[in-house]
Each structure stands twice: as structure tokens, then as C-alpha cells.
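Heads up: the structure comes next, in C-alpha cells.
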Amino acid sequence: MGNFPHKLMQPGGVFSSALVIIHKLSAPIVIAIFTGCGGVALEQGATTKEALVKNFVAALSQGDHATVRQYLVRKKEFVEGIHPYTPEAKNIGGELWWNDMLVKKRDVMTTALMDKFAGKTCSVEISGKEKKVEKYGPITFYRQIPVRIVCGDRENLYTDEDKSIFGVVVEKNGIYKVLNIFND
């Protein structure tokens, strides 16, 4: 068996063969092999923009904090799986961008939205095209998705045309999540 600590590392073993292949590949491909396509995956999001919009507003109106958080991009998802693909990554680290530009404002806006819609029966639909779509590697950003929200009954009807709730939605490998909420 030679000097190999495990039989898989012997010449012709799984790891040995993988190292030969990796040696012949370029660095970006090696990274993709070990991290999967695009690094950290988005978890517990929606599979369409429409489902994200519907489920997010339903969770807001039900006061369901856990489900609302499920549809918001998490720190690790942003720092390791989204930010590295953005143009901003050249000038500012993902953690700094997350702390200074995103999470504080987004948390305040999310709480305000939960207060605004709490206890109301609401329906929602996407009412037009997003202001801008940007693609960076495996990430697609949908900026300012317009929605029409109708809450209440015939006597107490509340209607809102809004572009701020879904200020920035991201899609990665078929999963959609809310990255940022804007203040109208």
C-alpha cells in the first residue's frame, strides 16, 4: 500500500484520481467543483417571483416572523453566495456591505411592513415589469418589482400600488428571495 494513509488515496484511488484531474483544470473550475455552482446556495426561498410575492405578503399579514425571515436573504447567503458576483465586490467586502447598506435598514422596513399588514386579509399580484434586471454570474437581481396589494373587505378596503416592498429580489439556481426593501 505504500505511504498512503488511506486506500482511497493510493494511486488509482478516488482522491488520487481527483487530484490528477484537478491538477489539469484551471482554478475557477476547481473552486466550482468544491463549492458547487456559485458558492453558498439560497435556502428556503420561493421557486418563482410570483410565489415569493404571494407568500411574503401572506406571512406579513399573518404576523409570521419565521416565514418572513425565511424569504429574506441571510447574511451567509449574501456574503458568500451573492456579493462575490456583484460589481461592488471590487470595492467593498460583503460583510461590510451587509452591515452598513442592507441589514439595519431592511430589518426596520420589515418590522414596519409587519405592523402595516398585521391581521389583514390581503391579496397581492405583480402589477408590471420590474424597473431593472441585472445578471451577474449565477445571480439575477430584480429591482423594484411593482405589486398591487388589496387588503380588507368591501367596507374596509385598502389598496396599495407599491414598488418598495420588493425593492431588490435575487434569484440563484431557481430560488427567489428578498434582498432589500425600500422606503417609499
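The chains in the C-alpha cells are called A, B, ... from first to last as shown; in each chain the residues are counted from 1, and the ligands are counted from 1 in the order shown.
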Exercise. Could you pull the residues within 10 Å of Glu134 (chain A), counting only C-alpha atoms, minus those fewer than 3 positions along the same chain, as a ChimeraX atom specification?
Worked result: /A:86,137,139-143,170
Problem set entry | Glu88 (chain A) environment, 12 Å, only C-alpha atoms, sequence neighbours closer than 6 positions dropped, as a VMD selection string | chain A and resid 79 82 94 to 98 101 136
For this session: Just the residues within 7 Å of region 102-116 of chain A, please, counting only C-alpha atoms, with nothing from its chain fewer than 6 positions along; format it as a PyMOL selection string.
Result: chain A and resi 60-61+63+180-181
Write the residues of the preceding selection, restricted to C-alpha atoms, as a PDB file, in the first residue's frame.
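New file result.pdb:
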ATOM      1  CA  LEU A  60     -46.519  39.724   6.693  1.00  0.00           C
ATOM      2  CA  SER A  61     -50.293  39.858   7.121  1.00  0.00           C
ATOM      3  CA  GLY A  63     -47.507  38.250  11.544  1.00  0.00           C
ATOM      4  CA  ASN A 180     -33.805  44.564   0.198  1.00  0.00           C
ATOM      5  CA  ILE A 181     -36.954  46.539   0.963  1.00  0.00           C
TER       6      ILE A 181
END
For this session: Per DSSP on the backbone, filter region 28-167 of chain A down to the residues in strand (DSSP E or B) and report them as number ranges by chain.
Result: A: 46, 72, 122-126, 132-136, 139-143, 147-151, 158-162
Residues near Ala66 (chain A), cut-off 12 Å, only C-alpha atoms, skip fewer than 5 positions along chain, as a PDB file with C-alpha atoms, in the first residue's frame:
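This went into around27.pdb:
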ATOM      1  CA  GLN A  44     -35.947  28.186   1.854  1.00  0.00           C
ATOM      2  CA  PHE A  56     -44.089  37.007   1.623  1.00  0.00           C
ATOM      3  CA  ALA A  59     -46.565  35.961   6.029  1.00  0.00           C
ATOM      4  CA  LEU A  60     -46.519  39.724   6.693  1.00  0.00           C
ATOM      5  CA  TYR A  71     -37.894  34.664   2.428  1.00  0.00           C
ATOM      6  CA  LEU A  72     -35.215  37.242   3.319  1.00  0.00           C
ATOM      7  CA  MET A 114     -45.437  43.612   9.508  1.00  0.00           C
TER       8      MET A 114
END
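Note that CA of Ser164 (chain A) and CA of Gln70 (chain A) are 18.9 Å apart.
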Problem set entry | Pairwise distance for CA of Pro138 (chain A) and CA of Glu77 (chain A), rounded to one decimal in Å |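 CA of Glu77 (chain A) lies 13.0 Å from CA of Pro138 (chain A).
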Problem set entry | Spatial neighbours of Asn55 (chain A), max dist 9 Å, only C-alpha atoms, sep filter under 2 positions, as a list in words |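 So the residues in contact are Ala46, Glu50, Ala51, Leu52, Val53, Val57, Ala58, Ala59, Leu60, Thr67, Val68 and Tyr71 of chain A.
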For this session: Excluding Asp162 (chain A) and residues on its chain fewer than 4 positions from it, collect all residues at most 10 Å away from it, counting only C-alpha atoms, and give them as a ChimeraX atom specification.
Result: /A:126-127,144-149,166-167,184
For this session: Please indicate the distance in Å from CA of Thr121 (chain A) to CA of Glu171 (chain A), rounded to one decimal place.
Result: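 Result for CA of Thr121 (chain A) versus CA of Glu171 (chain A): 27.5 Å, one decimal.
For the residues A:Ile175, A:Val169, A:Gln62, A:Glu80, ranking by smallest atom-to-atom distance to Cys122 (chain A) using only C-alpha atoms places A:Gln62 first.
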Exercise. Out of region 52-182 of chain A, which residues get alpha helix (DSSP H) from DSSP, as a PyMOL selection string?
Worked result: chain A and resi 52-62+65-70+75-76+94-97+104-117
